[in-house]
Each structure stands twice: as C-alpha cells, then as structure tokens.
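Report on the structure given below.
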Amino acid sequence: MSEQRPNNNSRLVIKLMAVVLGMFGFGFALVPLYDVFCDITGINGKTNPYAATYDVQDVDTSRTIMVEFITRTNTGMPWEFEARTKRIAVHPGELKTVQFYARNPTTRDIVGQAIPSVSPGTAALYLNKTECFCFNQQPLQAGQDVLMPMQFYVDPQIPEDIEVFTLSYTLYDVTGTSSTVAMNRG
Amino acid sequence: MSNAAEHLHHDEHHDHKPAGIMRWLNTTNHKDIGTLYLWFAFIMFLIGGAMAMVIRAELFQPGLQLVDPNFFNQMTTVHGLIMVFGAVMPAFTGLANWMVPLMIGAPDMALPRMNNWSFWILPFAFLILLSSLFLEGGGPNFGWTFYAPLSTTYSNDSTALFVFSVHIMGASSIMGAINVIVTIFNMRAPGMTWMKMPLFVWTWLITAFLLIAVMPVLAGAVTMVLTDKFFGTSFFDAAGGGDPVLFQHIFWFFGHPEVYIMILPAFGIISQIVPTFSRKPLFGYASMVYATASIALLSFIVWAHHMFTTGMPVAAELFFMFATMLISVPTGVKVFNWVATMWRGAISFEIPMLFALAFIVLFTIGGFSGLMLAITPVDFQYHDTYFVVAHFHYVLVTGAIFSIMAAVYYWLPKWCGKMYDETLAKWHFWCSLISVNLLFFPMHFVGLAGMPRRIPDYALQFADFNKWISIGGFAFGLSQLIFLALLIKASRKQGEPATDQVWEGAQGLEWEIPSPAPYHTFETPPMVK
C-alpha cells in the first residue's frame with residue numbers, strides 16, 4: 001500500500017495538471033468561441049465584416065424599417081466624422097446608399113478604422129452591407145477630407161418586432177499599428 | 001537508498017526541527033507551512049486594511065482632501081487584490097494545510113515539497129504588486145477586476161508587474177489546490193470513507209476543484225491583457241477586431257467561481273464549529289455535501305449576472321437571473337441545517353461559536369442583498385453603487401473573514417497548546433461585530449440612493465452616512481489590533497493549558513492528538529470506525 005502511494009500521487013498530479021492546462025487553453029478558446037457564438041446569435045451587435053452580394057428578388061413593401069446612423073470618434077482620434085444621412089426609412093430587401101463624411105483637421109497624416117455596431121444586437125444578423133468604408137482602413141492626409149459611401153439592404157427575414165435599429169460607427173486612430181504598416185507596404 | 005536511511009534516522013528524533021530562518025525556508029511540514037500561510041494572510045489583511053483606512057479617510061468628508069484621485073483608485077484596486085488573493089485565499093489554504101491532514105488522519109500533505117514552493121512564491125508575488133505602487137505613475141488603478149480597456153489602453157506600464165504578480169498568485173493557488181486534492185484522495189486513514197470526512201475537508205476538496213478549473217482562466221485573462229497592452233494583439237480592442245465585453249465574460253467566468261472559492265471553506269468551518277458548541281451532530285450531513293457540490297456546479301453558469309448592464313439580450317438576462325437565484329436554494333439548505341443543528345442543542349457561547357453565529361446572521365444578510373442584485377431589472381439601479389460594495393463586504397468580511405477568525409479561535413488551542421486570552425477575544429469579537437455593521441450597513445442606503453463606487457468624492461447628501469461609515473471603518477481596523485495582540489500572546493505560548501479535546505463537544509481525529517499538536521502526527525494511520 002505505502003509502496004504504491006507515490007505512484008498514485010504522481011498519476012493523480014498528472015491528471016490534475018492536465019485539467020489545469022486544459023482550462024488555461026479553454027480561457028483562450030473562449031475568444032473564438034465567443035466570436036462564433038455572437039456570429040450565430042448576433043448578440044454583441046457586430047455586423048458581418050465582409051461585403052454581401054445583393055440577390056434579393058422581391059422587396060417587402062408592406063414593412064418599413066427605420067435605420068438610424070450614429071457616429072463617434074474614439075478618445076484621441078481628432079477627425080471630424082459624421083453621417084450625412086441621420087436616419088432613413090427602408091423596405092426590407094431594398095438597396096440603399098448613405099454617405100458618411102470624414103475630415104482630418106490636423107497637420108499630420110492619420111489612418112482611421114471605423115468599427116460598426118448595431119443596436120439591438122439581433123438586428124445585426126439582418127443588416128447586409130454590399131459596400132462599406134468600414135471594410136478597409138481609411139488613410140487621410142493632413143487637412144484632407146472624404147465622402148465615404150455605405151450601401152446596404154435589410155434582409156426580408158428580419159423579425160417582425162424590429163421596427164427601428166441603430167447603426168453606430170466608432171472611428172479609431174490606427175496609425176502605426178502593425179496591420180497599418182503591413183497594408184501600406186502591400 | 002541513502003534517502004530512506006536518512007528518513008529512518010530523521011524519524012527517530014520525533015520533534016526535531018532545524019533552528020532559525022532555515023526551518024521556515026526549507027520546511028515541508030504541513031503544520032509549519034500552515035502557520036506560514038496564516039501569518040502571511042494576517043499581515044496582508046493588515047496591509048490591505050491600511051489601504052481601506054486610506055479610502056475611508058478620503059471619504060470621511062465630501063470633496064477631495066487627502067489623496068489625489070489616481071492614488072485613490074490605486075488604493076481601491078490594490079485593497080481588493082490583496083484582500084482576495086493575499087488575505088482570504090492564503091488564510092483558507094493555511095487552515096487546509098494545518099487541519100486537512102489532522103482531520104483525515106494523514107501524516108502530512110501528499111506533496112510536501114510542492115507545498116513549500118507554493119507558499120514561498122507568494123511573498124514575491126505581493127512584493128512585486130506592492131512595489132509597483134512606488135513606481136513613477138503608480139501601481140494598478142483600474143479596479144481589482146481590471147476591465148479592458150482600462151487595463152490595456154488606459155493603464156500605465158506597471159500593468160506588467162500586476163500581470164506577473166497575478167500569474168504567481170495563480171500558480172501558488174493551483175499548486176495548493178492540487179496538493180489538497182491529492183492528499184484527500186490518497187492519504188485518508190483506513191476507514192475514513194468519503195461520507196465520513198469532516199465537512200471542512202469536503203468543502204475544501206470541492207473548492208480545490210474550483211481552483212484548478214478557474215485559476216488557469218484568470219491566468220489566460222491577464223496574459224491577454226499583457227499581450228494586448230505590450231505586444232499589439234487585439235483580444236479586447238475593438239479597433240483591431242476584438243471586443244472589450246469579451247474581457248468581462250472571461251474575467252467573470254473566473255470571477256464567479258472565485259467568490260465560491262472564498263466562501264465554501266467558510267461553510268465547512270461553520271459546519272465544524274456549530275455542532276461542537278451545540279453538542280449535537282451536524283444536522284443533514286449528506287445534504288450539506290450535496291449542497292456544496294451544487295453551489296460549485298451552479299457557480300459556472302451564472303457569471304453574466306455581473307454584466308447585466310452590458311446590453312445582453314433579455315433571454316440571456318433572464319437565464320442568468322434565474323440561475324443565480326437557484327444558488328440560494330442549496331445555500332438556504334446550509335443555513336437551515338446550521339439552525340437545525342442548534343435546535344434544542346446544549347449551546348454554549350465560546351468565542352468561536354460567537355463568530356460562527358455572527359457569520360450565519362450576517363452572511364445571510366449578504367446573501368439577501370445578493371438576491372436583490374440578481375434581479376435584473378433592479379440591478380440597473382444598483383449596478384456599480386455602494387449597494388454592491390455593501391453586499392460583497394457582508395459576504396466577504398462578515399462571511400469569509402469572520403469564518404477564518406472563528407476557525408483561528410477554534411483551533412488555536414490545538415496549534416499552541418494554550419487557550420487564547422478570553423478577555424482580549426471578547427473585546428475583539430464585540431468591537432468587530434459592532435464596528436463592522438456600522439461600517440457596512442449604511443452602505444446599503446447610500447448605494448440605493450445612488451452613490452457610485454470607486455469614486456473619491458460624493459454628493460453632499462451622502463455626507464452624514466459616509467462619516468459614520470468611516471468611523472465604523474476606523475473602529476473595525478483598530479479592533480483587528482486586539483486580534484494581533486491576542487495572536488502574539490498565543491504564539492508566545494502564554495495562557496491556560498488546553499486539554500487534548502479542548503472543547504467539551506468537539507468530535508473528530510484532530511481532537512484525539514495531544515495539544516499542542518506534535519510536530520509529526522499520525523505516522524501510523526489511525527483506524528476510523
């Protein structure tokens with residue numbers, strides 16, 4: 001009995017260490033799991049980061065959905081950034097284009113990245129953007145301005161209880177981050 | 001071979017221990033390591049308490065008077081970190097080291113060298129954390145929950161020290177937990193079946209499983225903060241495709257089981273003390289075991305009740321609300337069982353029992369305010385107010401810390417062989433009990449009225465309450481100096497000699513060995529009938 005104990009101990013310790021390593025891995029696995037979970041359920045309001053293709057056959061003219069646009073800049077981002085259209089009524093399936101305006105009032109070149117977010121979050125699943133400035137980073141030289149289009153349609157499958165949703169863009173200063181450097185080089 | 005010979009030689013000198021500092025640095029004895037853990041926890045309790053005094057001094061009057069807001073934020077952050085990881089958790093590990101082998105009839109912990117290591121890395125963790133306060137720009141100031149982006153985008157460079165110290169604390173806890181599990185699985189005396197184990201052993205076994213399940217997740221979370229801040233990853237940075245809300249999910253996936261890590265051993269302690277001083281066996285032993293296990297399992301599916309205001313869908317809020325409320329069922333079973341144990345018992349009110357009774361009443365108050373916070377619609381009002389502060393201090397101070405004090409008074413005669421100073425103990429108990437309620441009860445009112453937590457200033461109408469809260473805080477802090485005096489007296493072996501059983505109604509293996517407990521115990525395992 002006492003001869004066996006050290007063996008029993010080390011076997012149990014190995015098993016418990018495997019649990020520890022597994023849970024350490026699980027902590028990191030939560031990152032992709034969270035993304036997948038949110039992609040499926042749309043609960044964090046993130047929109048699809050890739051362009052959709054417009055293939056809707058019939059526009060549902062019996063319903064009208066109000067889409068509102070909000071813009072904000074992150075702390076330390078000096079650009080002026082605004083939605084030229086504040087709100088727009090669309091029929092599900094109808095293709096619409098709205099414009100956003102950005103200007104770099106500073107004396108240095110800055111690269112911006114807009115991050116979209118939809119509220120209520122479940123509406124994000126039914127918002128399809130065929131063209132969006134948020135798909136790419138936007139460099140602006142000192143004093144330069146730009147009118148950025150965003151083309152979208154609302155999936156006719158959108159639940160009946162959603163009559164209005166808000167699309168918010170936050171503009172971040174990503175000048176000098178590694179992906180910016182890589183993009184400029186490429 | 002030579003090792004075995006040395007071992008034999010060693011065993012002949014029964015109470016032989018090396019002298020001086022090397023005894024403590026090299027020790028692999030579970031009692032020595034338990035003592036080290038307990039003193040370390042007490043020192044950390046005093047340091048963390050001193051920080052609470054700074055907080056309460058600043059909040060004594062409205063307006064900014066003593067410290068600048070950045071330093072105030074560092075105080076709230078480091079107070080939380082020290083009390084959670086430096087005081088409560090090491091104190092429970094110390095009690096486990098001392099008592100688990102004695103309660104199951106084992107000669108020592110199963111992995112004594114790892115035991116030494118798991119203690120001795122702790123002082124370095126806290127040295128790193130505390131030294132960061134003296135660096136330029138100060139230490140961590142983002143709250144003990146280190147939410148991104150406060151801890152990533154907006155923190156200073158000392159965050160690296162915070163991250164490494166949390167890594168070391170985590171490693172220490174994991175090693176301690178593995179040791180407890182292996183000891184309980186492999187070292188029980190013959191006849192000590194699972195359902196004969198004392199409840200302190202049961203609750204610690206379940207706590208140890210919680211520790212190895214969630215401390216690695218915390219290590220992952222701090223690692224992600226580190227790489228986000230210093231190495232350009234974007235786990236929690238929206239500009240790079242990450243999500244700051246993800247941080248809260250990962251943190252609270254650790255954080256909610258963590259609060260049960262800090263309370264399950266307390267349930268075990270109370271379940272040892274109440275039967276002793278009621279002179280009756282514990283009511284509903286099996287239901288206590290199952291209740292503990294249910295609380296531990298449920299703790300994994302309630303984390304998002306800390307995040308009701310992050311914009312979750314209603315269905316998710318309802319799920320987390322009801323799952324949280326479900327936990328009050330096994331907790332209610334426990335409180336019911338303690339009361340039923342006392343029912344028609346021959347109760348006597350020694351100091352451990354007084355602390356245990358205070359625990360049952362005050363912890364239940366903390367549980368009720370927890371239920372109020374679990375109700376999603378009203379949580380939007382309570383969120384991040386002093387009501388939350390009142391809630392978790394009732395469950396952690398009058399819950400976890402009162403149970404640790406009860407445990408120290410309960411087992412101190414066994415450790416030192418002398419009874420504690422009764423007069424000092426009474427002063428300590430009554431001063432603590434009155435001041436702790438003066439300190440935390442009015443926080444419910446200012447919280448409900450909307451006073452936000454973690455802010456160094458407040459609106460004028462909260463001034464009177466805050467004055468009384470601060471007075472209660474200073475009194476509670478001073479009361480712990482009585483405890484310090486008592487512990488110093490006890491460690492100098494002053495006082496009435498204790499009998500082996502110590503308490504008239506005490507049952508269990510730890511009361512069958514002499515007082516003070518010899519350096520080596522149960523070298524031949526006892527038979528448990």
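Scheme for the structure tokens: letters A, B, ... for chains in order shown; per-chain residue numbers from 1; ligand numbers from 1 in order shown.
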Contact set, chain A to chain B: 8 Å, only C-alpha atoms, as number ranges by chain | A: 5, 8-9, 12-13, 16, 19-21, 23-28, 30-31, 34, 43-44, 113-115, 121, 172, 174, 177-178
Enumerate, in order of chain and increasing residue number, the residues of segment 402-436 of chain B with an atom no farther than 12 Å from segment 372-395 of chain B, each with its shortest atom pair and distance in Å to one decimal, counting only C-alpha atoms, as JSON lines.
{"residue": "B:Phe402", "atom": "CA", "partner": "B:Val395", "partner_atom": "CA", "distance": 9.5}
{"residue": "B:Ser403", "atom": "CA", "partner": "B:Val395", "partner_atom": "CA", "distance": 10.4}
{"residue": "B:Leu433", "atom": "CA", "partner": "B:Tyr394", "partner_atom": "CA", "distance": 11.6}
{"residue": "B:Val436", "atom": "CA", "partner": "B:Tyr394", "partner_atom": "CA", "distance": 8.8}
Write the residues of the selection above to a file with N, CA and C atoms, as an mmCIF file, in the first residue's frame.
data_model
loop_
_atom_site.group_PDB
_atom_site.id
_atom_site.type_symbol
_atom_site.label_atom_id
_atom_site.label_comp_id
_atom_site.auth_asym_id
_atom_site.auth_seq_id
_atom_site.Cartn_x
_atom_site.Cartn_y
_atom_site.Cartn_z
ATOM 1 N N PHE B 402 -14.946 36.493 8.981
ATOM 2 C CA PHE B 402 -15.440 36.054 10.297
ATOM 3 C C PHE B 402 -15.262 34.545 10.459
ATOM 4 N N SER B 403 -15.476 33.786 9.376
ATOM 5 C CA SER B 403 -15.307 32.335 9.499
ATOM 6 C C SER B 403 -13.839 31.994 9.753
ATOM 7 N N LEU B 433 -17.827 43.134 15.791
ATOM 8 C CA LEU B 433 -19.223 42.944 15.383
ATOM 9 C C LEU B 433 -19.948 44.286 15.253
ATOM 10 N N VAL B 436 -18.219 46.533 12.405
ATOM 11 C CA VAL B 436 -18.354 46.063 11.021
ATOM 12 C C VAL B 436 -19.753 46.395 10.497
#
Lys529 of chain B: which residues within 9 Å, counting only C-alpha atoms, same-chain residues fewer than 6 positions away excluded, as a list in words?
->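 Near neighbours after the sequence-gap exclusion: Pro190, Gly191 and Met192 of chain B.
When only C-alpha atoms are used to compute distances to Asn115 of chain B, the closest of the residues B:Ala96, B:Cys431, B:Leu478, B:Val335 turns out to be B:Ala96.
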Within 9 Å of segment 128-148 of chain A: each segment 37-115 of chain A residue with its shortest pair, only C-alpha atoms, as a Markdown table:
| residue | atom | partner | partner_atom | distance |
| --- | --- | --- | --- | --- |
| A:Thr47 | CA | A:Asn128 | CA | 8.0 |
| A:Asn48 | CA | A:Asn128 | CA | 7.4 |
| A:Pro49 | CA | A:Phe135 | CA | 6.2 |
| A:Tyr50 | CA | A:Phe135 | CA | 6.7 |
| A:Ala51 | CA | A:Thr130 | CA | 4.8 |
| A:Ala52 | CA | A:Thr130 | CA | 4.6 |
| A:Thr53 | CA | A:Thr130 | CA | 5.7 |
| A:Tyr54 | CA | A:Thr130 | CA | 6.8 |
| A:Leu95 | CA | A:Thr130 | CA | 8.9 |
| A:Thr97 | CA | A:Glu131 | CA | 8.8 |
| A:Val98 | CA | A:Met148 | CA | 8.5 |
| A:Gln99 | CA | A:Met148 | CA | 5.6 |
| A:Phe100 | CA | A:Met148 | CA | 5.0 |
| A:Tyr101 | CA | A:Leu147 | CA | 4.6 |
| A:Ala102 | CA | A:Val146 | CA | 5.5 |
| A:Arg103 | CA | A:Asp145 | CA | 4.0 |
| A:Asn104 | CA | A:Gly143 | CA | 5.1 |
| A:Pro105 | CA | A:Gly143 | CA | 4.9 |
| A:Thr106 | CA | A:Ala142 | CA | 5.5 |
| A:Thr107 | CA | A:Ala142 | CA | 4.6 |
| A:Arg108 | CA | A:Ala142 | CA | 4.8 |
| A:Asp109 | CA | A:Gln141 | CA | 4.2 |
| A:Ile110 | CA | A:Leu140 | CA | 5.6 |
| A:Val111 | CA | A:Pro139 | CA | 4.0 |
| A:Gly112 | CA | A:Gln138 | CA | 5.0 |
| A:Gln113 | CA | A:Gln137 | CA | 4.8 |
| A:Ala114 | CA | A:Cys134 | CA | 5.0 |
| A:Ile115 | CA | A:Cys134 | CA | 6.3 |
Which is closer to Ile47 of chain B than all the others in B:Phe359, B:Trp303, B:Phe72, B:Phe126, using only C-alpha atoms?
->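 Nearest candidate to Ile47 of chain B out of B:Phe359, B:Trp303, B:Phe72, B:Phe126: B:Phe126.
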Selection near segment 58-61 of chain A, 6 Å with only C-alpha atoms, sequence-local residues under 6 positions removed, as an mmCIF file with all heavy atoms, in the first residue's frame:
data_model
loop_
_atom_site.group_PDB
_atom_site.id
_atom_site.type_symbol
_atom_site.label_atom_id
_atom_site.label_comp_id
_atom_site.auth_asym_id
_atom_site.auth_seq_id
_atom_site.Cartn_x
_atom_site.Cartn_y
_atom_site.Cartn_z
ATOM 1 N N HIS A 91 -37.557 49.645 -47.007
ATOM 2 C CA HIS A 91 -38.344 48.411 -47.033
ATOM 3 C C HIS A 91 -37.358 47.263 -46.975
ATOM 4 O O HIS A 91 -36.287 47.333 -47.584
ATOM 5 C CB HIS A 91 -39.154 48.324 -48.333
ATOM 6 C CG HIS A 91 -40.127 49.443 -48.486
ATOM 7 N ND1 HIS A 91 -41.085 49.727 -47.542
ATOM 8 C CD2 HIS A 91 -40.281 50.369 -49.475
ATOM 9 C CE1 HIS A 91 -41.790 50.765 -47.942
ATOM 10 N NE2 HIS A 91 -41.328 51.188 -49.112
ATOM 11 N N PRO A 92 -37.673 46.193 -46.271
ATOM 12 C CA PRO A 92 -36.765 45.041 -46.249
ATOM 13 C C PRO A 92 -36.494 44.565 -47.672
ATOM 14 O O PRO A 92 -37.420 44.400 -48.471
ATOM 15 C CB PRO A 92 -37.534 43.995 -45.446
ATOM 16 C CG PRO A 92 -38.416 44.792 -44.549
ATOM 17 C CD PRO A 92 -38.804 46.001 -45.350
ATOM 18 N N GLY A 93 -35.230 44.381 -48.015
ATOM 19 C CA GLY A 93 -34.829 43.927 -49.334
ATOM 20 C C GLY A 93 -34.428 45.047 -50.267
ATOM 21 O O GLY A 93 -33.836 44.806 -51.317
ATOM 22 N N GLU A 94 -34.721 46.275 -49.866
ATOM 23 C CA GLU A 94 -34.439 47.418 -50.731
ATOM 24 C C GLU A 94 -32.981 47.859 -50.557
ATOM 25 O O GLU A 94 -32.485 47.943 -49.440
ATOM 26 C CB GLU A 94 -35.390 48.547 -50.316
ATOM 27 C CG GLU A 94 -35.362 49.767 -51.171
ATOM 28 C CD GLU A 94 -36.245 50.873 -50.562
ATOM 29 O OE1 GLU A 94 -36.800 50.658 -49.458
ATOM 30 O OE2 GLU A 94 -36.363 51.930 -51.187
#
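Across the structure, atom CA of His428 of chain B and atom CA of Phe474 of chain B are spaced 14.0 Å apart.
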Nearby residues (only C-alpha atoms) at most 12 Å from Ala41 of chain B, same-chain spacing under 3 positions excluded, as number ranges by chain | B: 34-38, 44-49, 82-95, 119, 122-123, 126, 401, 404-405
Spatial neighbours of segment 87-90 of chain A, 6 Å, only C-alpha atoms, chain gap at least 3 places, as a CSV table (one decimal) with C-alpha atoms, in the first residue's frame:
chain,number,residue,atom,x,y,z
A,64,THR,CA,-40.9,49.9,-43.3
A,65,ILE,CA,-37.9,49.8,-41.1
A,66,MET,CA,-36.2,52.9,-39.7
A,67,VAL,CA,-32.4,52.7,-39.7
A,68,GLU,CA,-30.6,55.4,-37.7
A,69,PHE,CA,-26.9,56.3,-38.0
When DSSP works through the backbone of this structure, what residues of segment 23-136 of chain A end up as strand (DSSP E or B), shown as a PyMOL selection string?
-> chain A and resi 65-73+80-83+87-90+96-103+110-119+127-132
All alpha helix (DSSP H) positions in segment 8-87 of chain A, as a PDB file with N, CA and C atoms, in the first residue's frame:
ATOM      1  N   ASN A   8       0.544   6.494  -7.170  1.00  0.00           N
ATOM      2  CA  ASN A   8      -0.816   7.033  -7.203  1.00  0.00           C
ATOM      3  C   ASN A   8      -0.790   8.541  -7.216  1.00  0.00           C
ATOM      4  N   ASN A   9       0.082   9.100  -6.354  1.00  0.00           N
ATOM      5  CA  ASN A   9       0.160  10.553  -6.278  1.00  0.00           C
ATOM      6  C   ASN A   9       0.553  11.141  -7.607  1.00  0.00           C
ATOM      7  N   SER A  10       1.610  10.599  -8.221  1.00  0.00           N
ATOM      8  CA  SER A  10       2.062  11.264  -9.447  1.00  0.00           C
ATOM      9  C   SER A  10       1.043  11.088 -10.561  1.00  0.00           C
ATOM     10  N   ARG A  11       0.351   9.937 -10.563  1.00  0.00           N
ATOM     11  CA  ARG A  11      -0.664   9.776 -11.609  1.00  0.00           C
ATOM     12  C   ARG A  11      -1.783  10.816 -11.440  1.00  0.00           C
ATOM     13  N   LEU A  12      -2.201  11.014 -10.188  1.00  0.00           N
ATOM     14  CA  LEU A  12      -3.261  11.994  -9.933  1.00  0.00           C
ATOM     15  C   LEU A  12      -2.780  13.411 -10.243  1.00  0.00           C
ATOM     16  N   VAL A  13      -1.519  13.690  -9.880  1.00  0.00           N
ATOM     17  CA  VAL A  13      -0.984  15.032 -10.156  1.00  0.00           C
ATOM     18  C   VAL A  13      -0.961  15.285 -11.655  1.00  0.00           C
ATOM     19  N   ILE A  14      -0.569  14.267 -12.434  1.00  0.00           N
ATOM     20  CA  ILE A  14      -0.530  14.445 -13.895  1.00  0.00           C
ATOM     21  C   ILE A  14      -1.931  14.741 -14.428  1.00  0.00           C
ATOM     22  N   LYS A  15      -2.917  13.985 -13.910  1.00  0.00           N
ATOM     23  CA  LYS A  15      -4.302  14.227 -14.360  1.00  0.00           C
ATOM     24  C   LYS A  15      -4.740  15.647 -14.020  1.00  0.00           C
ATOM     25  N   LEU A  16      -4.433  16.076 -12.782  1.00  0.00           N
ATOM     26  CA  LEU A  16      -4.878  17.412 -12.360  1.00  0.00           C
ATOM     27  C   LEU A  16      -4.155  18.488 -13.153  1.00  0.00           C
ATOM     28  N   MET A  17      -2.864  18.256 -13.443  1.00  0.00           N
ATOM     29  CA  MET A  17      -2.138  19.233 -14.259  1.00  0.00           C
ATOM     30  C   MET A  17      -2.746  19.312 -15.657  1.00  0.00           C
ATOM     31  N   ALA A  18      -3.218  18.166 -16.160  1.00  0.00           N
ATOM     32  CA  ALA A  18      -3.875  18.179 -17.474  1.00  0.00           C
ATOM     33  C   ALA A  18      -5.132  19.042 -17.419  1.00  0.00           C
ATOM     34  N   VAL A  19      -5.870  18.956 -16.301  1.00  0.00           N
ATOM     35  CA  VAL A  19      -7.056  19.809 -16.144  1.00  0.00           C
ATOM     36  C   VAL A  19      -6.636  21.282 -16.161  1.00  0.00           C
ATOM     37  N   VAL A  20      -5.562  21.584 -15.428  1.00  0.00           N
ATOM     38  CA  VAL A  20      -5.093  22.975 -15.353  1.00  0.00           C
ATOM     39  C   VAL A  20      -4.727  23.481 -16.745  1.00  0.00           C
ATOM     40  N   LEU A  21      -3.931  22.676 -17.478  1.00  0.00           N
ATOM     41  CA  LEU A  21      -3.537  23.111 -18.824  1.00  0.00           C
ATOM     42  C   LEU A  21      -4.757  23.231 -19.725  1.00  0.00           C
ATOM     43  N   GLY A  22      -5.671  22.272 -19.597  1.00  0.00           N
ATOM     44  CA  GLY A  22      -6.885  22.313 -20.405  1.00  0.00           C
ATOM     45  C   GLY A  22      -7.678  23.576 -20.143  1.00  0.00           C
ATOM     46  N   MET A  23      -7.804  23.959 -18.871  1.00  0.00           N
ATOM     47  CA  MET A  23      -8.582  25.158 -18.548  1.00  0.00           C
ATOM     48  C   MET A  23      -7.850  26.419 -19.003  1.00  0.00           C
ATOM     49  N   PHE A  24      -6.500  26.385 -18.976  1.00  0.00           N
ATOM     50  CA  PHE A  24      -5.743  27.537 -19.497  1.00  0.00           C
ATOM     51  C   PHE A  24      -6.044  27.684 -20.993  1.00  0.00           C
ATOM     52  N   GLY A  25      -6.048  26.550 -21.679  1.00  0.00           N
ATOM     53  CA  GLY A  25      -6.395  26.570 -23.103  1.00  0.00           C
ATOM     54  C   GLY A  25      -7.833  27.008 -23.316  1.00  0.00           C
ATOM     55  N   PHE A  26      -8.715  26.553 -22.425  1.00  0.00           N
ATOM     56  CA  PHE A  26     -10.131  26.907 -22.559  1.00  0.00           C
ATOM     57  C   PHE A  26     -10.325  28.420 -22.455  1.00  0.00           C
ATOM     58  N   GLY A  27      -9.539  29.063 -21.562  1.00  0.00           N
ATOM     59  CA  GLY A  27      -9.606  30.515 -21.438  1.00  0.00           C
ATOM     60  C   GLY A  27      -9.369  31.185 -22.785  1.00  0.00           C
ATOM     61  N   PHE A  28      -8.362  30.677 -23.519  1.00  0.00           N
ATOM     62  CA  PHE A  28      -8.081  31.255 -24.836  1.00  0.00           C
ATOM     63  C   PHE A  28      -9.106  30.802 -25.864  1.00  0.00           C
ATOM     64  N   ALA A  29      -9.604  29.571 -25.713  1.00  0.00           N
ATOM     65  CA  ALA A  29     -10.614  29.075 -26.654  1.00  0.00           C
ATOM     66  C   ALA A  29     -11.897  29.881 -26.547  1.00  0.00           C
ATOM     67  N   LEU A  30     -12.104  30.549 -25.398  1.00  0.00           N
ATOM     68  CA  LEU A  30     -13.301  31.378 -25.249  1.00  0.00           C
ATOM     69  C   LEU A  30     -13.320  32.500 -26.283  1.00  0.00           C
ATOM     70  N   VAL A  31     -12.132  32.929 -26.745  1.00  0.00           N
ATOM     71  CA  VAL A  31     -12.075  34.051 -27.692  1.00  0.00           C
ATOM     72  C   VAL A  31     -12.759  33.671 -29.013  1.00  0.00           C
ATOM     73  N   PRO A  32     -12.295  32.593 -29.722  1.00  0.00           N
ATOM     74  CA  PRO A  32     -13.037  32.206 -30.939  1.00  0.00           C
ATOM     75  C   PRO A  32     -14.456  31.712 -30.645  1.00  0.00           C
ATOM     76  N   LEU A  33     -14.644  31.033 -29.515  1.00  0.00           N
ATOM     77  CA  LEU A  33     -15.999  30.550 -29.187  1.00  0.00           C
ATOM     78  C   LEU A  33     -16.972  31.712 -29.078  1.00  0.00           C
ATOM     79  N   TYR A  34     -16.504  32.780 -28.443  1.00  0.00           N
ATOM     80  CA  TYR A  34     -17.339  33.976 -28.274  1.00  0.00           C
ATOM     81  C   TYR A  34     -17.697  34.562 -29.633  1.00  0.00           C
ATOM     82  N   ASP A  35     -16.688  34.627 -30.525  1.00  0.00           N
ATOM     83  CA  ASP A  35     -16.957  35.180 -31.857  1.00  0.00           C
ATOM     84  C   ASP A  35     -17.975  34.333 -32.605  1.00  0.00           C
ATOM     85  N   VAL A  36     -17.793  33.000 -32.553  1.00  0.00           N
ATOM     86  CA  VAL A  36     -18.716  32.114 -33.260  1.00  0.00           C
ATOM     87  C   VAL A  36     -20.122  32.258 -32.684  1.00  0.00           C
ATOM     88  N   PHE A  37     -20.196  32.251 -31.355  1.00  0.00           N
ATOM     89  CA  PHE A  37     -21.481  32.352 -30.671  1.00  0.00           C
ATOM     90  C   PHE A  37     -22.186  33.648 -31.049  1.00  0.00           C
ATOM     91  N   CYS A  38     -21.412  34.738 -31.095  1.00  0.00           N
ATOM     92  CA  CYS A  38     -22.020  36.028 -31.422  1.00  0.00           C
ATOM     93  C   CYS A  38     -22.389  36.110 -32.899  1.00  0.00           C
ATOM     94  N   ASP A  39     -21.566  35.453 -33.760  1.00  0.00           N
ATOM     95  CA  ASP A  39     -21.916  35.412 -35.190  1.00  0.00           C
ATOM     96  C   ASP A  39     -23.272  34.756 -35.388  1.00  0.00           C
ATOM     97  N   ILE A  40     -23.486  33.658 -34.671  1.00  0.00           N
ATOM     98  CA  ILE A  40     -24.720  32.902 -34.847  1.00  0.00           C
ATOM     99  C   ILE A  40     -25.904  33.659 -34.258  1.00  0.00           C
ATOM    100  N   THR A  41     -25.719  34.180 -33.046  1.00  0.00           N
ATOM    101  CA  THR A  41     -26.849  34.792 -32.353  1.00  0.00           C
ATOM    102  C   THR A  41     -26.925  36.294 -32.581  1.00  0.00           C
TER     103      THR A  41
END
Find the residues near Met451 of chain B: any atom within 10 Å, counting only C-alpha atoms, skip ones fewer than 2 places away on the same chain, and give them as a PyMOL selection string.
-> chain B and resi 382+384-387+443-449+453-455+457-459+461-462
Pick from B:Ile273, B:Gly450, B:Val302, B:Arg23: nearest to Leu357 of chain B, with only C-alpha atoms counted?
->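 The closest residue to Leu357 of chain B is B:Ile273.
Atom pair atom CA of Met342 of chain B / atom CA of Ser278 of chain B has a distance of 5.4 Å (rounded to one decimal).
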